[in-house]
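Source file: target.cif; contents: mmCIF, C-alpha atoms and all ligand atoms.
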```cif
data_input
loop_
_atom_site.group_PDB
_atom_site.id
_atom_site.type_symbol
_atom_site.label_atom_id
_atom_site.label_comp_id
_atom_site.auth_asym_id
_atom_site.auth_seq_id
_atom_site.Cartn_x
_atom_site.Cartn_y
_atom_site.Cartn_z
ATOM 1 C CA MET A 1 8.606 -7.292 -16.965
ATOM 2 C CA PRO A 2 5.223 -6.154 -15.594
ATOM 3 C CA GLN A 3 4.432 -7.868 -12.280
ATOM 4 C CA MET A 4 1.049 -9.336 -13.329
ATOM 5 C CA GLU A 5 1.707 -10.218 -16.986
ATOM 6 C CA GLY A 6 -0.503 -13.091 -18.177
ATOM 7 C CA LYS A 7 -2.514 -13.156 -14.961
ATOM 8 C CA ALA A 8 -6.219 -12.634 -14.281
ATOM 9 C CA ALA A 9 -7.565 -10.692 -11.332
ATOM 10 C CA LEU A 10 -10.862 -9.538 -9.935
ATOM 11 C CA VAL A 11 -11.608 -6.540 -7.750
ATOM 12 C CA THR A 12 -14.856 -5.936 -5.861
ATOM 13 C CA GLY A 13 -16.039 -2.400 -5.203
ATOM 14 C CA ALA A 14 -14.001 -1.291 -8.215
ATOM 15 C CA ALA A 15 -16.216 1.614 -9.261
ATOM 16 C CA SER A 16 -14.331 4.125 -7.147
ATOM 17 C CA GLY A 17 -11.621 4.848 -4.610
ATOM 18 C CA ILE A 18 -9.220 2.115 -3.551
ATOM 19 C CA GLY A 19 -10.986 -0.509 -5.687
ATOM 20 C CA ARG A 20 -10.710 1.509 -8.883
ATOM 21 C CA ALA A 21 -7.086 2.441 -8.160
ATOM 22 C CA SER A 22 -6.252 -1.223 -7.483
ATOM 23 C CA ALA A 23 -7.931 -2.388 -10.695
ATOM 24 C CA LEU A 24 -6.046 0.232 -12.708
ATOM 25 C CA ALA A 25 -2.730 -0.672 -11.082
ATOM 26 C CA LEU A 26 -3.243 -4.421 -11.639
ATOM 27 C CA ALA A 27 -4.092 -3.761 -15.296
ATOM 28 C CA ARG A 28 -1.068 -1.472 -15.648
ATOM 29 C CA GLU A 29 1.044 -4.411 -14.471
ATOM 30 C CA GLY A 30 -0.432 -6.636 -17.179
ATOM 31 C CA ALA A 31 -3.365 -8.392 -15.484
ATOM 32 C CA ALA A 32 -6.715 -8.877 -17.169
ATOM 33 C CA VAL A 33 -9.131 -7.547 -14.565
ATOM 34 C CA CYS A 34 -12.776 -8.199 -13.741
ATOM 35 C CA VAL A 35 -13.979 -4.920 -12.235
ATOM 36 C CA SER A 36 -17.132 -5.453 -10.238
ATOM 37 C CA ASP A 37 -19.281 -3.203 -8.135
ATOM 38 C CA ILE A 38 -22.866 -2.790 -6.994
ATOM 39 C CA ASN A 39 -22.634 0.343 -9.167
ATOM 40 C CA LEU A 40 -22.403 -1.015 -12.718
ATOM 41 C CA ASP A 41 -21.939 2.415 -14.339
ATOM 42 C CA GLY A 42 -18.916 3.063 -12.153
ATOM 43 C CA ALA A 43 -17.482 -0.383 -12.870
ATOM 44 C CA GLN A 44 -17.934 0.201 -16.591
ATOM 45 C CA GLU A 45 -16.115 3.521 -16.274
ATOM 46 C CA THR A 46 -13.194 1.765 -14.537
ATOM 47 C CA ALA A 47 -13.166 -0.850 -17.304
ATOM 48 C CA ARG A 48 -13.128 1.931 -19.894
ATOM 49 C CA LEU A 49 -10.148 3.585 -18.175
ATOM 50 C CA ILE A 50 -8.322 0.236 -18.306
ATOM 51 C CA SER A 51 -9.170 -0.333 -21.982
ATOM 52 C CA ASP A 52 -8.149 3.222 -22.892
ATOM 53 C CA ALA A 53 -4.766 2.548 -21.294
ATOM 54 C CA GLY A 54 -4.377 -0.591 -23.433
ATOM 55 C CA GLY A 55 -5.434 -3.122 -20.803
ATOM 56 C CA GLN A 56 -8.055 -5.870 -20.698
ATOM 57 C CA ALA A 57 -11.108 -5.543 -18.452
ATOM 58 C CA LEU A 58 -14.528 -7.011 -17.851
ATOM 59 C CA ALA A 59 -17.163 -4.985 -15.979
ATOM 60 C CA ARG A 60 -19.724 -6.799 -13.824
ATOM 61 C CA ARG A 61 -22.470 -5.719 -11.473
ATOM 62 C CA CYS A 62 -21.951 -7.600 -8.226
ATOM 63 C CA ASP A 63 -23.492 -6.860 -4.843
ATOM 64 C CA VAL A 64 -21.224 -8.655 -2.359
ATOM 65 C CA THR A 65 -24.177 -9.324 -0.074
ATOM 66 C CA ASN A 66 -25.548 -11.630 -2.781
ATOM 67 C CA ARG A 67 -23.858 -15.050 -2.873
ATOM 68 C CA ASP A 68 -25.229 -15.932 -6.308
ATOM 69 C CA ALA A 69 -23.922 -12.673 -7.748
ATOM 70 C CA ILE A 70 -20.482 -13.361 -6.250
ATOM 71 C CA GLN A 71 -20.388 -16.841 -7.788
ATOM 72 C CA ALA A 72 -21.491 -15.410 -11.149
ATOM 73 C CA MET A 73 -18.702 -12.799 -10.963
ATOM 74 C CA VAL A 74 -16.050 -15.456 -10.298
ATOM 75 C CA ASP A 75 -17.462 -17.725 -13.026
ATOM 76 C CA ALA A 76 -17.521 -14.837 -15.515
ATOM 77 C CA THR A 77 -13.898 -14.011 -14.710
ATOM 78 C CA VAL A 78 -12.736 -17.586 -15.259
ATOM 79 C CA THR A 79 -14.813 -17.874 -18.448
ATOM 80 C CA ALA A 80 -13.444 -14.611 -19.848
ATOM 81 C CA PHE A 81 -9.799 -14.986 -18.822
ATOM 82 C CA GLY A 82 -9.406 -18.751 -18.319
ATOM 83 C CA ARG A 83 -8.067 -18.487 -14.769
ATOM 84 C CA LEU A 84 -8.143 -16.517 -11.522
ATOM 85 C CA ASP A 85 -4.758 -15.585 -10.100
ATOM 86 C CA ALA A 86 -5.587 -12.697 -7.804
ATOM 87 C CA ALA A 87 -8.673 -11.430 -6.011
ATOM 88 C CA VAL A 88 -9.026 -8.116 -4.205
ATOM 89 C CA ASN A 89 -11.944 -8.103 -1.776
ATOM 90 C CA ASN A 90 -12.373 -4.383 -1.435
ATOM 91 C CA ALA A 91 -16.107 -3.539 -1.427
ATOM 92 C CA GLY A 92 -16.983 -1.903 1.854
ATOM 93 C CA ILE A 93 -19.094 0.712 3.581
ATOM 94 C CA SER A 94 -18.448 2.906 6.565
ATOM 95 C CA GLY A 95 -21.654 2.601 8.554
ATOM 96 C CA HIS A 96 -22.789 5.481 10.729
ATOM 97 C CA PHE A 97 -19.884 7.332 12.279
ATOM 98 C CA TYR A 98 -20.272 9.485 15.390
ATOM 99 C CA GLN A 99 -22.469 7.145 17.422
ATOM 100 C CA ARG A 100 -21.347 5.590 20.637
ATOM 101 C CA LEU A 101 -22.243 1.910 20.806
ATOM 102 C CA HIS A 102 -25.377 2.284 22.973
ATOM 103 C CA GLU A 103 -26.684 4.903 20.543
ATOM 104 C CA ALA A 104 -25.735 3.089 17.334
ATOM 105 C CA ASP A 105 -28.579 1.753 15.276
ATOM 106 C CA ASP A 106 -28.768 -1.993 14.758
ATOM 107 C CA GLU A 107 -29.675 -1.697 11.085
ATOM 108 C CA SER A 108 -26.405 0.075 10.373
ATOM 109 C CA PHE A 109 -24.543 -2.659 12.262
ATOM 110 C CA GLU A 110 -26.277 -5.406 10.249
ATOM 111 C CA ARG A 111 -25.561 -3.657 6.956
ATOM 112 C CA VAL A 112 -21.876 -3.079 7.778
ATOM 113 C CA ILE A 113 -21.450 -6.713 8.781
ATOM 114 C CA ASP A 114 -23.303 -7.908 5.662
ATOM 115 C CA VAL A 115 -21.090 -5.941 3.270
ATOM 116 C CA ASN A 116 -17.728 -5.746 5.028
ATOM 117 C CA LEU A 117 -17.619 -9.157 6.715
ATOM 118 C CA ARG A 118 -20.095 -11.560 5.102
ATOM 119 C CA GLY A 119 -19.173 -10.102 1.715
ATOM 120 C CA VAL A 120 -15.498 -10.911 2.208
ATOM 121 C CA TRP A 121 -16.360 -14.359 3.579
ATOM 122 C CA HIS A 122 -18.487 -15.319 0.569
ATOM 123 C CA CYS A 123 -16.051 -13.792 -1.923
ATOM 124 C CA ILE A 124 -13.150 -15.816 -0.525
ATOM 125 C CA LYS A 125 -15.226 -19.008 -0.626
ATOM 126 C CA ALA A 126 -16.085 -18.439 -4.292
ATOM 127 C CA GLU A 127 -12.551 -17.391 -5.270
ATOM 128 C CA LEU A 128 -10.785 -20.392 -3.747
ATOM 129 C CA PRO A 129 -11.977 -23.239 -6.040
ATOM 130 C CA PRO A 130 -10.392 -21.899 -9.265
ATOM 131 C CA MET A 131 -7.228 -21.107 -7.310
ATOM 132 C CA LEU A 132 -7.164 -24.542 -5.663
ATOM 133 C CA ALA A 133 -7.606 -26.161 -9.076
ATOM 134 C CA ARG A 134 -4.298 -24.590 -10.146
ATOM 135 C CA GLU A 135 -2.719 -24.618 -6.664
ATOM 136 C CA SER A 136 -1.887 -20.977 -7.150
ATOM 137 C CA GLY A 137 -3.428 -17.677 -6.168
ATOM 138 C CA ALA A 138 -3.286 -14.529 -4.077
ATOM 139 C CA ILE A 139 -6.179 -12.998 -2.183
ATOM 140 C CA VAL A 140 -5.973 -9.491 -0.754
ATOM 141 C CA ASN A 141 -8.660 -8.272 1.619
ATOM 142 C CA ILE A 142 -9.021 -4.550 2.179
ATOM 143 C CA ALA A 143 -9.272 -4.193 5.936
ATOM 144 C CA SER A 144 -8.335 -0.948 7.730
ATOM 145 C CA VAL A 145 -6.316 0.344 10.643
ATOM 146 C CA ALA A 146 -9.734 -0.094 12.294
ATOM 147 C CA GLY A 147 -9.002 -3.809 11.914
ATOM 148 C CA LEU A 148 -6.034 -3.443 14.269
ATOM 149 C CA ILE A 149 -6.931 -0.723 16.745
ATOM 150 C CA GLY A 150 -10.142 0.773 18.090
ATOM 151 C CA ALA A 151 -11.880 3.749 16.528
ATOM 152 C CA PRO A 152 -14.223 5.819 18.681
ATOM 153 C CA LYS A 153 -17.875 5.914 17.663
ATOM 154 C CA ALA A 154 -17.371 3.332 14.941
ATOM 155 C CA ALA A 155 -17.807 -0.005 16.754
ATOM 156 C CA ASP A 156 -19.710 -1.591 13.848
ATOM 157 C CA TYR A 157 -17.025 -0.743 11.285
ATOM 158 C CA THR A 158 -14.224 -1.678 13.691
ATOM 159 C CA ALA A 159 -15.844 -5.037 14.425
ATOM 160 C CA SER A 160 -16.167 -5.810 10.718
ATOM 161 C CA LYS A 161 -12.556 -4.902 9.927
ATOM 162 C CA HIS A 162 -11.073 -6.801 12.898
ATOM 163 C CA ALA A 163 -13.000 -9.799 11.577
ATOM 164 C CA VAL A 164 -11.541 -9.311 8.093
ATOM 165 C CA VAL A 165 -8.031 -9.410 9.564
ATOM 166 C CA GLY A 166 -8.988 -12.567 11.474
ATOM 167 C CA ILE A 167 -10.376 -14.302 8.386
ATOM 168 C CA THR A 168 -7.236 -13.306 6.491
ATOM 169 C CA LYS A 169 -4.946 -14.959 9.026
ATOM 170 C CA SER A 170 -6.985 -18.154 9.348
ATOM 171 C CA ALA A 171 -7.460 -18.529 5.586
ATOM 172 C CA ALA A 172 -3.727 -17.970 5.095
ATOM 173 C CA LEU A 173 -3.047 -20.934 7.389
ATOM 174 C CA ASP A 174 -5.698 -23.106 5.730
ATOM 175 C CA TYR A 175 -4.108 -22.685 2.276
ATOM 176 C CA ALA A 176 -0.431 -22.118 3.088
ATOM 177 C CA LYS A 177 0.497 -25.501 1.596
ATOM 178 C CA SER A 178 -1.880 -25.130 -1.359
ATOM 179 C CA GLY A 179 -0.078 -22.352 -3.185
ATOM 180 C CA ILE A 180 -2.598 -19.710 -2.164
ATOM 181 C CA ARG A 181 -1.572 -16.662 -0.173
ATOM 182 C CA VAL A 182 -4.097 -14.566 1.746
ATOM 183 C CA ASN A 183 -3.182 -11.107 2.998
ATOM 184 C CA ALA A 184 -4.853 -7.866 4.034
ATOM 185 C CA VAL A 185 -4.040 -4.206 3.739
ATOM 186 C CA CYS A 186 -4.906 -1.831 6.558
ATOM 187 C CA PRO A 187 -5.117 1.756 5.315
ATOM 188 C CA ALA A 188 -5.750 4.755 7.534
ATOM 189 C CA TYR A 189 -7.893 7.642 6.278
ATOM 190 C CA THR A 190 -7.590 7.595 2.510
ATOM 191 C CA ASP A 191 -8.947 10.348 0.287
ATOM 192 C CA THR A 192 -11.883 8.587 -1.379
ATOM 193 C CA ALA A 193 -15.633 9.051 -1.627
ATOM 194 C CA MET A 194 -15.992 7.243 1.705
ATOM 195 C CA VAL A 195 -13.862 9.768 3.566
ATOM 196 C CA GLN A 196 -15.273 12.724 1.634
ATOM 197 C CA GLY A 197 -18.735 11.536 2.673
ATOM 198 C CA ALA A 198 -17.689 11.509 6.329
ATOM 199 C CA ILE A 199 -16.210 14.999 5.986
ATOM 200 C CA ALA A 200 -19.347 16.318 4.252
ATOM 201 C CA GLY A 201 -21.443 15.118 7.194
ATOM 202 C CA ASN A 202 -19.102 16.733 9.730
ATOM 203 C CA PRO A 203 -16.598 19.265 8.289
ATOM 204 C CA ILE A 204 -14.422 19.254 11.419
ATOM 205 C CA MET A 205 -13.586 15.635 10.514
ATOM 206 C CA ALA A 206 -11.133 16.809 7.849
ATOM 207 C CA SER A 207 -8.795 18.349 10.393
ATOM 208 C CA ILE A 208 -9.397 15.545 12.926
ATOM 209 C CA MET A 209 -8.310 13.004 10.312
ATOM 210 C CA THR A 210 -5.218 14.822 9.102
ATOM 211 C CA ARG A 211 -4.141 15.663 12.658
ATOM 212 C CA ALA A 212 -4.471 11.991 13.621
ATOM 213 C CA ILE A 213 -1.944 10.997 10.966
ATOM 214 C CA PRO A 214 1.706 11.729 11.831
ATOM 215 C CA MET A 215 2.468 12.541 8.188
ATOM 216 C CA GLY A 216 -0.233 15.211 8.397
ATOM 217 C CA ARG A 217 -2.200 14.215 5.324
ATOM 218 C CA LEU A 218 -4.713 11.679 4.067
ATOM 219 C CA GLY A 219 -3.488 8.648 2.149
ATOM 220 C CA LEU A 220 -4.122 8.298 -1.565
ATOM 221 C CA ALA A 221 -5.987 5.403 -3.147
ATOM 222 C CA GLU A 222 -3.034 4.962 -5.505
ATOM 223 C CA GLU A 223 -0.685 4.451 -2.540
ATOM 224 C CA VAL A 224 -2.885 1.630 -1.249
ATOM 225 C CA ALA A 225 -3.106 0.171 -4.759
ATOM 226 C CA GLU A 226 0.682 -0.214 -4.982
ATOM 227 C CA ALA A 227 0.616 -2.423 -1.873
ATOM 228 C CA VAL A 228 -2.305 -4.404 -3.291
ATOM 229 C CA VAL A 229 -0.392 -5.102 -6.511
ATOM 230 C CA TRP A 230 2.667 -6.182 -4.553
ATOM 231 C CA LEU A 231 0.639 -8.607 -2.436
ATOM 232 C CA CYS A 232 -1.081 -9.984 -5.569
ATOM 233 C CA SER A 233 2.205 -10.487 -7.384
ATOM 234 C CA ASP A 234 4.977 -13.050 -7.077
ATOM 235 C CA ALA A 235 7.167 -10.291 -5.615
ATOM 236 C CA SER A 236 5.518 -11.102 -2.258
ATOM 237 C CA SER A 237 5.786 -14.886 -2.710
ATOM 238 C CA PHE A 238 6.761 -15.613 0.941
ATOM 239 C CA VAL A 239 4.150 -13.283 2.464
ATOM 240 C CA THR A 240 0.898 -14.734 3.769
ATOM 241 C CA GLY A 241 -1.391 -14.013 6.704
ATOM 242 C CA HIS A 242 -0.021 -10.487 6.839
ATOM 243 C CA ALA A 243 -1.970 -7.299 7.572
ATOM 244 C CA LEU A 244 0.036 -4.568 5.860
ATOM 245 C CA VAL A 245 -0.430 -1.143 7.417
ATOM 246 C CA LEU A 246 -0.559 1.942 5.149
ATOM 247 C CA ASP A 247 -1.234 4.746 7.551
ATOM 248 C CA GLY A 248 1.281 7.601 7.489
ATOM 249 C CA GLY A 249 2.470 6.441 10.916
ATOM 250 C CA LEU A 250 -0.899 6.309 12.698
ATOM 251 C CA VAL A 251 -0.530 2.978 14.501
ATOM 252 C CA ALA A 252 3.105 3.740 15.403
ATOM 253 C CA ILE A 253 1.908 6.288 17.946
HETATM 254 P P1 LIG B 1 -15.464 4.157 -1.874
HETATM 255 O O1 LIG B 1 -16.792 4.492 -1.288
HETATM 256 O O2 LIG B 1 -14.797 5.092 -2.779
HETATM 257 O O3 LIG B 1 -15.548 2.740 -2.623
HETATM 258 C C1 LIG B 1 -16.298 1.677 -2.140
HETATM 259 C C2 LIG B 1 -16.892 0.948 -3.322
HETATM 260 O O4 LIG B 1 -17.579 -0.196 -2.831
HETATM 261 C C3 LIG B 1 -17.913 1.804 -4.082
HETATM 262 O O5 LIG B 1 -17.635 1.787 -5.464
HETATM 263 C C4 LIG B 1 -19.241 1.139 -3.769
HETATM 264 O O6 LIG B 1 -20.197 1.249 -4.825
HETATM 265 C C5 LIG B 1 -18.807 -0.294 -3.531
HETATM 266 N N1 LIG B 1 -19.781 -1.045 -2.741
HETATM 267 C C6 LIG B 1 -20.447 -0.644 -1.634
HETATM 268 N N2 LIG B 1 -21.284 -1.596 -1.238
HETATM 269 C C7 LIG B 1 -21.135 -2.626 -2.104
HETATM 270 C C8 LIG B 1 -21.723 -3.898 -2.225
HETATM 271 N N3 LIG B 1 -22.679 -4.309 -1.365
HETATM 272 N N4 LIG B 1 -21.334 -4.711 -3.219
HETATM 273 C C9 LIG B 1 -20.386 -4.302 -4.097
HETATM 274 N N5 LIG B 1 -19.804 -3.103 -4.066
HETATM 275 C C10 LIG B 1 -20.188 -2.274 -3.062
HETATM 276 O O7 LIG B 1 -14.569 3.842 -0.600
HETATM 277 P P2 LIG B 1 -13.057 3.403 -0.430
HETATM 278 O O8 LIG B 1 -12.468 4.294 0.564
HETATM 279 O O9 LIG B 1 -12.370 3.229 -1.734
HETATM 280 O O10 LIG B 1 -13.257 1.991 0.272
HETATM 281 C C11 LIG B 1 -12.765 0.775 -0.262
HETATM 282 C C12 LIG B 1 -12.415 -0.145 0.883
HETATM 283 O O11 LIG B 1 -11.353 0.435 1.630
HETATM 284 C C13 LIG B 1 -13.543 -0.400 1.879
HETATM 285 O O12 LIG B 1 -13.550 -1.751 2.273
HETATM 286 C C14 LIG B 1 -13.169 0.493 3.048
HETATM 287 O O13 LIG B 1 -13.714 0.023 4.261
HETATM 288 C C15 LIG B 1 -11.669 0.383 2.999
HETATM 289 N N6 LIG B 1 -10.952 1.432 3.691
HETATM 290 C C16 LIG B 1 -11.120 2.746 3.332
HETATM 291 C C17 LIG B 1 -10.423 3.724 4.009
HETATM 292 C C18 LIG B 1 -10.589 5.174 3.702
HETATM 293 O O14 LIG B 1 -10.162 6.005 4.528
HETATM 294 N N7 LIG B 1 -11.133 5.558 2.554
HETATM 295 C C19 LIG B 1 -9.495 3.389 5.095
HETATM 296 C C20 LIG B 1 -9.398 1.992 5.364
HETATM 297 C C21 LIG B 1 -10.086 1.066 4.683
#
```

What does the file become when written as structure tokens?
Ligand code: NAI
Amino acid sequence: MPQMEGKAALVTGAASGIGRASALALAREGAAVCVSDINLDGAQETARLISDAGGQALARRCDVTNRDAIQAMVDATVTAFGRLDAAVNNAGISGHFYQRLHEADDESFERVIDVNLRGVWHCIKAELPPMLARESGAIVNIASVAGLIGAPKAADYTASKHAVVGITKSAALDYAKSGIRVNAVCPAYTDTAMVQGAIAGNPIMASIMTRAIPMGRLGLAEEVAEAVVWLCSDASSFVTGHALVLDGGLVAI
């Protein structure tokens, strides 16, 4: 039986990359999925891909820096599907790479924290009430290996992702007896628009990234999505507060 049959999920930042792959994988496993993104056209395209494959999807514009928009996204999901079983807090930005901390611009820092940290915070707060009402739910936050180890010239991004891992662990403890599991995934360089953007700005980055990974290649969004589905599903029913690394061996070094 599909792992998410009869369940309802939402994914933020689902217009591309890891978010789109996660939405498609959740729908493949039977979930009805609210696909949201600041980019409505991209979210609608993800919803179309789900519908074309026989799944059920709702596309929403949602900027995760806007609390009202987050609440509206959660409300729309519950209205459309009658419940919220799983939430994937994926929307994120990279900030400005290649700047040591004293050179980094404060606006980039504020923006990265707003999207990557405050966004996750407000999403979790909005997602919990419908889960608490049913004493059941799974939240998966997309962190990064930069949530576990340092990354040179990326202090803003690293700070935001360490905080996401911290929120994940504390929230997991807060709701461990309430039927709600909270986990994170920590991918290394994954071949998405985010990484392609970094490579376009600095072509040598492509070889730096692949050489950093013991497997010698970038990860795929679909590989991250499989872990997301597992953490959303009952197959991981005893797993909470975990930060699951998907990194081709990077943090084993
Ligand atoms: P991506 O750029 O393909 O997708 C990010 C999505 O988030 C885009 O669709 C974008 O429109 C959306 N987004 C950006 N700001 C938003 C906002 N304020 N509100 C709502 N949506 C917004 O990038 P990717 O790689 O798929 O990133 C997804 C997540 O994975 C991010 O949290 C990123 O930090 C994380 N990650 C990515 C890695 C990589 O190497 N690609 C590695 C580790 C973590």

Checklist line | Counting only C-alpha atoms and all ligand atoms, the residue of A:Ile213, A:Leu58, A:Ala138, A:Ala27 that sits nearest ligand LIG 1 (chain B) | finding: A:Ile213

Notebook entry, point to check: Which residues fall under the PyMOL selection byres (((not hetatm)) within 7 of (chain B and resi 1)) in this file, as a PyMOL selection string?
Noted result: chain A and resi 12-19+37-39+42+62-65+90-94+115-116+142-145+186-195+221

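Take atom CA of A:Val88 and atom CA of A:Leu128: the distance between them is 12.4 Å.
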
Check: Exactly which residues make up the result of the PyMOL selection byres (((chain A and resi 250) around 7) and not hetatm) on this file, given as a PyMOL selection string?
Finding: chain A and resi 212-214+247-249+251-253

Please write as a PDB file with C-alpha atoms, keeping the file's coordinate frame the list of polymer residues whose atoms come within 12 Å of (-8.8, -9.6, 14.1), counting only C-alpha atoms and keeping to the coordinates of the file.
```pdb
ATOM      1  CA  LEU A 117     -17.619  -9.157   6.715  1.00  0.00           C
ATOM      2  CA  ALA A 143      -9.272  -4.193   5.936  1.00  0.00           C
ATOM      3  CA  SER A 144      -8.335  -0.948   7.730  1.00  0.00           C
ATOM      4  CA  VAL A 145      -6.316   0.344  10.643  1.00  0.00           C
ATOM      5  CA  ALA A 146      -9.734  -0.094  12.294  1.00  0.00           C
ATOM      6  CA  GLY A 147      -9.002  -3.809  11.914  1.00  0.00           C
ATOM      7  CA  LEU A 148      -6.034  -3.443  14.269  1.00  0.00           C
ATOM      8  CA  ILE A 149      -6.931  -0.723  16.745  1.00  0.00           C
ATOM      9  CA  GLY A 150     -10.142   0.773  18.090  1.00  0.00           C
ATOM     10  CA  THR A 158     -14.224  -1.678  13.691  1.00  0.00           C
ATOM     11  CA  ALA A 159     -15.844  -5.037  14.425  1.00  0.00           C
ATOM     12  CA  SER A 160     -16.167  -5.810  10.718  1.00  0.00           C
ATOM     13  CA  LYS A 161     -12.556  -4.902   9.927  1.00  0.00           C
ATOM     14  CA  HIS A 162     -11.073  -6.801  12.898  1.00  0.00           C
ATOM     15  CA  ALA A 163     -13.000  -9.799  11.577  1.00  0.00           C
ATOM     16  CA  VAL A 164     -11.541  -9.311   8.093  1.00  0.00           C
ATOM     17  CA  VAL A 165      -8.031  -9.410   9.564  1.00  0.00           C
ATOM     18  CA  GLY A 166      -8.988 -12.567  11.474  1.00  0.00           C
ATOM     19  CA  ILE A 167     -10.376 -14.302   8.386  1.00  0.00           C
ATOM     20  CA  THR A 168      -7.236 -13.306   6.491  1.00  0.00           C
ATOM     21  CA  LYS A 169      -4.946 -14.959   9.026  1.00  0.00           C
ATOM     22  CA  SER A 170      -6.985 -18.154   9.348  1.00  0.00           C
ATOM     23  CA  ALA A 184      -4.853  -7.866   4.034  1.00  0.00           C
ATOM     24  CA  CYS A 186      -4.906  -1.831   6.558  1.00  0.00           C
ATOM     25  CA  GLY A 241      -1.391 -14.013   6.704  1.00  0.00           C
ATOM     26  CA  HIS A 242      -0.021 -10.487   6.839  1.00  0.00           C
ATOM     27  CA  ALA A 243      -1.970  -7.299   7.572  1.00  0.00           C
TER      28      ALA A 243
END
```

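Here the PyMOL selection byres (((chain A and resi 29-35) around 7) and not hetatm) captures the residues Pro2, Gln3, Met4, Glu5, Gly6, Lys7, Ala8, Ala9, Leu10, Val11, Thr12, Ala14, Ala23, Ala25, Leu26, Ala27, Arg28, Ser36, Asp37, Ala43, Ala47, Gly55, Gln56, Ala57, Leu58, Ala59, Arg60 and Thr77 of chain A.
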
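Closest approach to A:Val140 from the set A:Gln71, A:Ser22, A:Ser178, A:Thr79 is made by A:Ser22, with distances taken over only C-alpha atoms.
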
Next item on the list: Compare A:Gly216, A:His102, A:Asn89, A:Arg181 by their minimum atom-to-atom distance to A:Thr240, counting all atoms listed in the file, and give me the closest one.
Entry: A:Arg181

Checklist line | A:Ala154 surroundings by all atoms listed in the file, 9 Å radius, close-in-sequence under 6 positions cut, as a list of chain:residue names | finding: A:Ser94, A:Gly95, A:His96, A:Phe97, A:Tyr98, A:Gln99, A:Arg100, A:Leu101, A:Ala104, A:Ala146

Next item on the list: Report the distance between atom CA of A:Gln196 and atom CA of A:Arg67 in Å, rounded to one decimal place.
Entry: 29.4 Å

Margin query: Please list as a list of chain:residue names every residue within 9 Å of A:Ile124, counting all atoms listed in the file and excluding residues in the same chain fewer than 5 positions away.
Written below: A:Ala87, A:Asn89, A:Gly119, A:Ile139, A:Ala171

Next item on the list: Rounded to one decimal place, report the atom CA of A:Val224-atom CA of A:Met1 distance in Å.
Entry: 21.4 Å

Item checked: Nearest-residue call for A:Pro130, choices A:Arg83, A:Arg217, A:Arg111, A:Lys153, using only C-alpha atoms -> A:Arg83

Checklist line | A:Ala126 environment, 10 Å, only C-alpha atoms, sequence neighbours closer than 5 positions dropped, as JSON, numbers by chain | finding: {"A": [67, 68, 70, 71, 72, 73, 74, 75, 120, 121, 131]}

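Of the listed residues A:Asp234, A:Asp105, A:Asp52, A:Asp41, the one whose atoms come nearest to A:Asp85 is A:Asp234, with distances taken using all atoms listed in the file.
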
Would you give the centre and edge lengths, in Å to one decimal, of a box along x, y and z around the listed atoms of stretch 223-235 of chain A, with 4 Å added to each side, as JSON?
```
{"center_x": 2.0, "center_y": -4.3, "center_z": -4.3, "size_x": 18.3, "size_y": 25.5, "size_z": 14.1}
```

Next item on the list: Take the point (0.4, -10.3, -3.4) in the file's coordinates, draw a sphere of radius 8 Å around it, and report as JSON, numbers by chain every protein, DNA or RNA residue with an atom inside or on it, counting only C-alpha atoms.
Entry: {"A": [86, 138, 139, 140, 181, 183, 228, 229, 230, 231, 232, 233, 234, 235, 236, 237, 239]}

Generate a file of the selected residues that holds C-alpha atoms, formatted as a PDB file, keeping the file's coordinate frame.
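And here's out.pdb as it stands now:
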```
ATOM      1  CA  ALA A  86      -5.587 -12.697  -7.804  1.00  0.00           C
ATOM      2  CA  ALA A 138      -3.286 -14.529  -4.077  1.00  0.00           C
ATOM      3  CA  ILE A 139      -6.179 -12.998  -2.183  1.00  0.00           C
ATOM      4  CA  VAL A 140      -5.973  -9.491  -0.754  1.00  0.00           C
ATOM      5  CA  ARG A 181      -1.572 -16.662  -0.173  1.00  0.00           C
ATOM      6  CA  ASN A 183      -3.182 -11.107   2.998  1.00  0.00           C
ATOM      7  CA  VAL A 228      -2.305  -4.404  -3.291  1.00  0.00           C
ATOM      8  CA  VAL A 229      -0.392  -5.102  -6.511  1.00  0.00           C
ATOM      9  CA  TRP A 230       2.667  -6.182  -4.553  1.00  0.00           C
ATOM     10  CA  LEU A 231       0.639  -8.607  -2.436  1.00  0.00           C
ATOM     11  CA  CYS A 232      -1.081  -9.984  -5.569  1.00  0.00           C
ATOM     12  CA  SER A 233       2.205 -10.487  -7.384  1.00  0.00           C
ATOM     13  CA  ASP A 234       4.977 -13.050  -7.077  1.00  0.00           C
ATOM     14  CA  ALA A 235       7.167 -10.291  -5.615  1.00  0.00           C
ATOM     15  CA  SER A 236       5.518 -11.102  -2.258  1.00  0.00           C
ATOM     16  CA  SER A 237       5.786 -14.886  -2.710  1.00  0.00           C
ATOM     17  CA  VAL A 239       4.150 -13.283   2.464  1.00  0.00           C
TER      18      VAL A 239
END
```

Need a file for stretch 150-161 of chain A from that block: C-alpha atoms, written as a PDB file, in the first residue's frame.
```pdb
ATOM      1  CA  GLY A 150      30.537  25.013   9.340  1.00  0.00           C
ATOM      2  CA  ALA A 151      30.706  26.219   5.758  1.00  0.00           C
ATOM      3  CA  PRO A 152      33.306  28.827   4.839  1.00  0.00           C
ATOM      4  CA  LYS A 153      32.032  32.183   3.615  1.00  0.00           C
ATOM      5  CA  ALA A 154      28.427  31.284   4.346  1.00  0.00           C
ATOM      6  CA  ALA A 155      27.962  32.275   8.008  1.00  0.00           C
ATOM      7  CA  ASP A 156      24.441  33.633   7.428  1.00  0.00           C
ATOM      8  CA  TYR A 157      23.199  30.437   5.774  1.00  0.00           C
ATOM      9  CA  THR A 158      25.015  28.246   8.307  1.00  0.00           C
ATOM     10  CA  ALA A 159      23.497  30.175  11.209  1.00  0.00           C
ATOM     11  CA  SER A 160      19.998  29.778   9.780  1.00  0.00           C
ATOM     12  CA  LYS A 161      20.359  26.035   9.191  1.00  0.00           C
TER      13      LYS A 161
END
```
